[in-house]
>>> print(open('start.pdb').read())   # PDB, C-alpha atoms
ATOM      1  CA  MET Q 821      52.757  89.216 112.583  1.00  0.00           C
ATOM      2  CA  TRP Q 822      52.710  85.399 112.805  1.00  0.00           C
ATOM      3  CA  VAL Q 823      53.027  85.079 109.010  1.00  0.00           C
ATOM      4  CA  PHE Q 824      56.025  87.411 109.085  1.00  0.00           C
ATOM      5  CA  ALA Q 825      57.705  85.251 111.759  1.00  0.00           C
ATOM      6  CA  VAL Q 826      57.142  82.078 109.721  1.00  0.00           C
ATOM      7  CA  LEU Q 827      58.534  83.737 106.576  1.00  0.00           C
ATOM      8  CA  LEU Q 828      61.550  84.928 108.545  1.00  0.00           C
ATOM      9  CA  VAL Q 829      62.240  81.407 109.826  1.00  0.00           C
ATOM     10  CA  LEU Q 830      61.820  79.896 106.348  1.00  0.00           C
ATOM     11  CA  THR Q 831      64.068  82.524 104.780  1.00  0.00           C
ATOM     12  CA  SER Q 832      66.835  82.090 107.345  1.00  0.00           C
ATOM     13  CA  SER Q 833      66.603  78.280 107.035  1.00  0.00           C
ATOM     14  CA  ALA Q 834      66.989  78.518 103.266  1.00  0.00           C
ATOM     15  CA  ALA Q 835      69.973  80.822 103.657  1.00  0.00           C
ATOM     16  CA  ARG Q 836      71.655  78.344 106.009  1.00  0.00           C
ATOM     17  CA  ALA Q 837      70.967  75.460 103.627  1.00  0.00           C
ATOM     18  CA  GLN Q 838      72.870  77.082 100.753  1.00  0.00           C
ATOM     19  CA  PRO Q 839      76.465  75.917 100.337  1.00  0.00           C
ATOM     20  CA  SER Q 840      79.166  78.402 101.215  1.00  0.00           C
ATOM     21  CA  SER Q 841      80.854  80.182  98.362  1.00  0.00           C
ATOM     22  CA  ALA Q 842      84.494  79.710  97.463  1.00  0.00           C
ATOM     23  CA  VAL Q 843      85.478  83.078  98.891  1.00  0.00           C
ATOM     24  CA  ASP Q 844      83.698  82.234 102.153  1.00  0.00           C
ATOM     25  CA  ASP Q 845      85.955  79.181 102.430  1.00  0.00           C
ATOM     26  CA  ALA Q 846      89.004  81.380 101.778  1.00  0.00           C
ATOM     27  CA  ALA Q 847      87.866  83.836 104.469  1.00  0.00           C
ATOM     28  CA  ASP Q 848      87.354  80.963 106.914  1.00  0.00           C
ATOM     29  CA  LEU Q 849      90.940  79.823 106.341  1.00  0.00           C
ATOM     30  CA  VAL Q 850      92.241  83.346 106.968  1.00  0.00           C
ATOM     31  CA  LEU Q 851      90.342  83.496 110.260  1.00  0.00           C
ATOM     32  CA  ARG Q 852      91.663  80.037 111.225  1.00  0.00           C
ATOM     33  CA  GLN Q 853      95.213  81.185 110.530  1.00  0.00           C
ATOM     34  CA  LEU Q 854      94.675  84.338 112.581  1.00  0.00           C
ATOM     35  CA  SER Q 855      93.317  82.221 115.423  1.00  0.00           C
ATOM     36  CA  ALA Q 856      96.398  79.985 115.279  1.00  0.00           C
ATOM     37  CA  LEU Q 857      98.665  83.032 115.320  1.00  0.00           C
ATOM     38  CA  ARG Q 858      96.715  84.495 118.244  1.00  0.00           C
ATOM     39  CA  ALA Q 859      97.418  81.242 120.126  1.00  0.00           C
ATOM     40  CA  HIS Q 860     101.115  81.428 119.060  1.00  0.00           C
ATOM     41  CA  ASP Q 861     100.656  78.163 117.146  1.00  0.00           C
ATOM     42  CA  PHE Q 862     102.969  79.006 114.260  1.00  0.00           C
ATOM     43  CA  ALA Q 863     103.047  75.397 113.054  1.00  0.00           C
ATOM     44  CA  GLU Q 864      99.271  75.474 112.495  1.00  0.00           C
ATOM     45  CA  ALA Q 865      99.497  78.930 110.894  1.00  0.00           C
ATOM     46  CA  TYR Q 866     102.257  77.682 108.583  1.00  0.00           C
ATOM     47  CA  ALA Q 867     100.051  74.732 107.583  1.00  0.00           C
ATOM     48  CA  CYS Q 868      97.687  77.313 106.016  1.00  0.00           C
ATOM     49  CA  ALA Q 869     100.476  78.560 103.713  1.00  0.00           C
ATOM     50  CA  SER Q 870     100.669  77.803  99.998  1.00  0.00           C
ATOM     51  CA  THR Q 871     103.416  75.765  98.378  1.00  0.00           C
ATOM     52  CA  GLU Q 872     104.814  78.984  96.893  1.00  0.00           C
ATOM     53  CA  LEU Q 873     105.011  80.694 100.280  1.00  0.00           C
ATOM     54  CA  ARG Q 874     106.628  77.588 101.804  1.00  0.00           C
ATOM     55  CA  ARG Q 875     109.181  77.632  98.979  1.00  0.00           C
ATOM     56  CA  HIS Q 876     110.344  81.047 100.209  1.00  0.00           C
ATOM     57  CA  PHE Q 877     110.075  80.547 103.976  1.00  0.00           C
ATOM     58  CA  THR Q 878     110.818  77.654 106.301  1.00  0.00           C
ATOM     59  CA  ARG Q 879     108.508  77.339 109.319  1.00  0.00           C
ATOM     60  CA  SER Q 880     110.883  79.310 111.552  1.00  0.00           C
ATOM     61  CA  GLU Q 881     111.493  81.959 108.861  1.00  0.00           C
ATOM     62  CA  PHE Q 882     107.727  82.252 108.441  1.00  0.00           C
ATOM     63  CA  GLU Q 883     107.343  82.928 112.173  1.00  0.00           C
ATOM     64  CA  TRP Q 884     110.123  85.527 112.120  1.00  0.00           C
ATOM     65  CA  MET Q 885     108.699  87.218 109.013  1.00  0.00           C
ATOM     66  CA  VAL Q 886     105.143  87.443 110.357  1.00  0.00           C
ATOM     67  CA  LYS Q 887     106.289  88.770 113.739  1.00  0.00           C
ATOM     68  CA  ARG Q 888     108.625  91.293 112.113  1.00  0.00           C
ATOM     69  CA  ALA Q 889     106.592  92.488 109.125  1.00  0.00           C
ATOM     70  CA  HIS Q 890     103.054  92.056 110.499  1.00  0.00           C
ATOM     71  CA  PRO Q 891     103.150  92.255 114.331  1.00  0.00           C
ATOM     72  CA  GLU Q 892      99.430  93.007 114.602  1.00  0.00           C
ATOM     73  CA  VAL Q 893      98.597  89.928 112.544  1.00  0.00           C
ATOM     74  CA  ALA Q 894     101.099  87.794 114.455  1.00  0.00           C
ATOM     75  CA  SER Q 895      99.471  88.714 117.755  1.00  0.00           C
ATOM     76  CA  SER Q 896      95.970  90.072 117.298  1.00  0.00           C
ATOM     77  CA  ALA Q 897      93.418  90.971 119.923  1.00  0.00           C
ATOM     78  CA  TYR Q 898      90.676  90.394 117.359  1.00  0.00           C
ATOM     79  CA  ALA Q 899      90.040  90.449 113.625  1.00  0.00           C
ATOM     80  CA  PHE Q 900      87.121  90.353 111.223  1.00  0.00           C
ATOM     81  CA  VAL Q 901      86.647  90.014 107.482  1.00  0.00           C
ATOM     82  CA  VAL Q 902      85.361  93.134 105.740  1.00  0.00           C
ATOM     83  CA  ARG Q 903      85.597  92.161 102.069  1.00  0.00           C
ATOM     84  CA  THR Q 904      86.204  89.159  99.830  1.00  0.00           C
ATOM     85  CA  HIS Q 905      86.410  88.743  96.100  1.00  0.00           C
ATOM     86  CA  GLU Q 906      87.684  86.217  93.600  1.00  0.00           C
ATOM     87  CA  THR Q 907      89.417  86.951  90.325  1.00  0.00           C
ATOM     88  CA  ALA Q 908      91.725  85.112  87.928  1.00  0.00           C
ATOM     89  CA  GLY Q 909      91.870  82.028  90.144  1.00  0.00           C
ATOM     90  CA  PHE Q 910      92.812  83.905  93.297  1.00  0.00           C
ATOM     91  CA  ALA Q 911      90.657  84.977  96.229  1.00  0.00           C
ATOM     92  CA  TYR Q 912      91.397  88.198  98.082  1.00  0.00           C
ATOM     93  CA  VAL Q 913      90.319  88.569 101.689  1.00  0.00           C
ATOM     94  CA  THR Q 914      90.501  91.945 103.434  1.00  0.00           C
ATOM     95  CA  VAL Q 915      90.593  91.790 107.220  1.00  0.00           C
ATOM     96  CA  LYS Q 916      90.555  94.495 109.889  1.00  0.00           C
ATOM     97  CA  VAL Q 917      92.924  93.520 112.687  1.00  0.00           C
ATOM     98  CA  GLN Q 918      93.587  95.027 116.075  1.00  0.00           C
ATOM     99  CA  GLY Q 919      96.935  93.929 117.427  1.00  0.00           C
ATOM    100  CA  ARG Q 920      97.594  93.267 121.075  1.00  0.00           C
ATOM    101  CA  ASN Q 921      99.987  96.202 120.733  1.00  0.00           C
ATOM    102  CA  GLY Q 922      96.916  98.457 120.316  1.00  0.00           C
ATOM    103  CA  GLN Q 923      97.621  99.217 116.655  1.00  0.00           C
ATOM    104  CA  ASN Q 924      95.040  98.648 113.914  1.00  0.00           C
ATOM    105  CA  VAL Q 925      95.831  97.355 110.434  1.00  0.00           C
ATOM    106  CA  GLU Q 926      93.971  96.367 107.334  1.00  0.00           C
ATOM    107  CA  ALA Q 927      95.406  93.115 106.015  1.00  0.00           C
ATOM    108  CA  LEU Q 928      94.948  91.873 102.464  1.00  0.00           C
ATOM    109  CA  TYR Q 929      95.370  88.131 101.971  1.00  0.00           C
ATOM    110  CA  GLU Q 930      95.942  86.615  98.554  1.00  0.00           C
ATOM    111  CA  MET Q 931      94.610  83.073  98.493  1.00  0.00           C
ATOM    112  CA  VAL Q 932      95.311  80.316  95.975  1.00  0.00           C
ATOM    113  CA  ARG Q 933      93.661  76.925  95.465  1.00  0.00           C
ATOM    114  CA  GLU Q 934      95.834  73.853  95.924  1.00  0.00           C
ATOM    115  CA  LYS Q 935      94.315  70.398  95.606  1.00  0.00           C
ATOM    116  CA  GLY Q 936      90.847  71.889  95.976  1.00  0.00           C
ATOM    117  CA  GLN Q 937      91.613  73.858  99.158  1.00  0.00           C
ATOM    118  CA  TRP Q 938      92.460  77.491  99.698  1.00  0.00           C
ATOM    119  CA  LYS Q 939      95.932  78.344 100.969  1.00  0.00           C
ATOM    120  CA  VAL Q 940      97.460  81.668 101.995  1.00  0.00           C
ATOM    121  CA  ASN Q 941      99.755  82.785  99.181  1.00  0.00           C
ATOM    122  CA  ALA Q 942     100.648  86.327 100.262  1.00  0.00           C
ATOM    123  CA  LEU Q 943      99.874  88.958 102.873  1.00  0.00           C
ATOM    124  CA  SER Q 944     100.187  92.700 102.898  1.00  0.00           C
ATOM    125  CA  SER Q 945      99.081  95.033 105.650  1.00  0.00           C
ATOM    126  CA  ARG Q 946      98.850  98.748 106.236  1.00  0.00           C
ATOM    127  CA  ARG Q 947      98.037 100.931 109.190  1.00  0.00           C
ATOM    128  CA  ASP Q 948      94.337 101.545 109.621  1.00  0.00           C
ATOM    129  CA  GLU Q 949      93.264 104.623 111.516  1.00  0.00           C
ATOM    130  CA  GLY Q 950      89.604 103.725 111.011  1.00  0.00           C
ATOM    131  CA  VAL Q 951      87.407 102.627 113.874  1.00  0.00           C
ATOM    132  CA  LEU Q 952      87.350  98.883 114.366  1.00  0.00           C
TER
END
>>> encode(input="start.pdb", output="structure tokens")
Amino acid sequence: MWVFAVLLVLTSSAARAQPSSAVDDAADLVLRQLSALRAHDFAEAYACASTELRRHFTRSEFEWMVKRAHPEVASSAYAFVVRTHETAGFAYVTVKVQGRNGQNVEALYEMVREKGQWKVNALSSRRDEGVL
């Protein structure tokens, strides 16, 4: 029993010592943006956006678009990452979101690297009748 406990501690310490993967960093940014949106800090949420997204939306247009097209994302009760993957230079982060309006969505974030950091490049969401 004691040996098992020591092995468990050593294994979990080694897991913590490993650097996070690129998609983990992308997922962290998505959760930071969701937290900013939850706090109605649209300036901070906009700071997570890619150059391409900013080319299409000013800060105020971004706020309007997110509130209009993705109300659950704009004002979530909670959210959690369910899947991440990286392909062709993009990371994709799938998030289950429960809006303060009581509706559930699955949101898919497309992430792009800019100057070594992930940025939100696109977002799509769909109703999710699954249990959160």
>>> resolve_selection(input="start.pdb", expression="the PyMOL selection byres ((chain Q and resi 929-946) around 6)", output="MDAnalysis selection string")
chainID Q and resid 846 868:870 873 910:913 925:928 947
>>> resolve_selection(input="start.pdb", expression="the PyMOL selection byres ((chain Q and resi 853) around 12)", output="PDB file with C-alpha atoms, keeping the file's coordinate frame")
ATOM      1  CA  ALA Q 846      89.004  81.380 101.778  1.00  0.00           C
ATOM      2  CA  ALA Q 847      87.866  83.836 104.469  1.00  0.00           C
ATOM      3  CA  ASP Q 848      87.354  80.963 106.914  1.00  0.00           C
ATOM      4  CA  LEU Q 849      90.940  79.823 106.341  1.00  0.00           C
ATOM      5  CA  VAL Q 850      92.241  83.346 106.968  1.00  0.00           C
ATOM      6  CA  LEU Q 851      90.342  83.496 110.260  1.00  0.00           C
ATOM      7  CA  ARG Q 852      91.663  80.037 111.225  1.00  0.00           C
ATOM      8  CA  LEU Q 854      94.675  84.338 112.581  1.00  0.00           C
ATOM      9  CA  SER Q 855      93.317  82.221 115.423  1.00  0.00           C
ATOM     10  CA  ALA Q 856      96.398  79.985 115.279  1.00  0.00           C
ATOM     11  CA  LEU Q 857      98.665  83.032 115.320  1.00  0.00           C
ATOM     12  CA  ARG Q 858      96.715  84.495 118.244  1.00  0.00           C
ATOM     13  CA  ALA Q 859      97.418  81.242 120.126  1.00  0.00           C
ATOM     14  CA  HIS Q 860     101.115  81.428 119.060  1.00  0.00           C
ATOM     15  CA  ASP Q 861     100.656  78.163 117.146  1.00  0.00           C
ATOM     16  CA  PHE Q 862     102.969  79.006 114.260  1.00  0.00           C
ATOM     17  CA  ALA Q 863     103.047  75.397 113.054  1.00  0.00           C
ATOM     18  CA  GLU Q 864      99.271  75.474 112.495  1.00  0.00           C
ATOM     19  CA  ALA Q 865      99.497  78.930 110.894  1.00  0.00           C
ATOM     20  CA  TYR Q 866     102.257  77.682 108.583  1.00  0.00           C
ATOM     21  CA  ALA Q 867     100.051  74.732 107.583  1.00  0.00           C
ATOM     22  CA  CYS Q 868      97.687  77.313 106.016  1.00  0.00           C
ATOM     23  CA  ALA Q 869     100.476  78.560 103.713  1.00  0.00           C
ATOM     24  CA  VAL Q 886     105.143  87.443 110.357  1.00  0.00           C
ATOM     25  CA  VAL Q 893      98.597  89.928 112.544  1.00  0.00           C
ATOM     26  CA  ALA Q 894     101.099  87.794 114.455  1.00  0.00           C
ATOM     27  CA  SER Q 895      99.471  88.714 117.755  1.00  0.00           C
ATOM     28  CA  SER Q 896      95.970  90.072 117.298  1.00  0.00           C
ATOM     29  CA  ALA Q 899      90.040  90.449 113.625  1.00  0.00           C
ATOM     30  CA  TYR Q 929      95.370  88.131 101.971  1.00  0.00           C
ATOM     31  CA  TRP Q 938      92.460  77.491  99.698  1.00  0.00           C
ATOM     32  CA  LYS Q 939      95.932  78.344 100.969  1.00  0.00           C
ATOM     33  CA  VAL Q 940      97.460  81.668 101.995  1.00  0.00           C
ATOM     34  CA  LEU Q 943      99.874  88.958 102.873  1.00  0.00           C
TER      35      LEU Q 943
END
>>> atom_distance(input="start.pdb", atom1="CA of Tyr898 in chain Q", atom2="CA of Gly919 in chain Q")
7.2 Å
>>> atom_distance(input="start.pdb", atom1="CA of Val902 in chain Q", atom2="CA of Arg875 in chain Q")
29.2 Å
>>> axis_aligned_box(input="start.pdb", around="range 891-903 of chain Q", padding_each_side="3 Å", output="JSON")
{"center_x": 94.3, "center_y": 90.5, "center_z": 111.0, "size_x": 23.8, "size_y": 11.3, "size_z": 23.9}
>>> atom_distance(input="start.pdb", atom1="CA of Gly950 in chain Q", atom2="CA of Ala889 in chain Q")
20.5 Å
>>> residues_near_point(input="start.pdb", point="(95.8, 100.9, 120.3)", cutoff="12 Å", atoms="all atoms listed in the file", output="MDAnalysis selection string")
chainID Q and resid 892 896:897 917:925 947:952
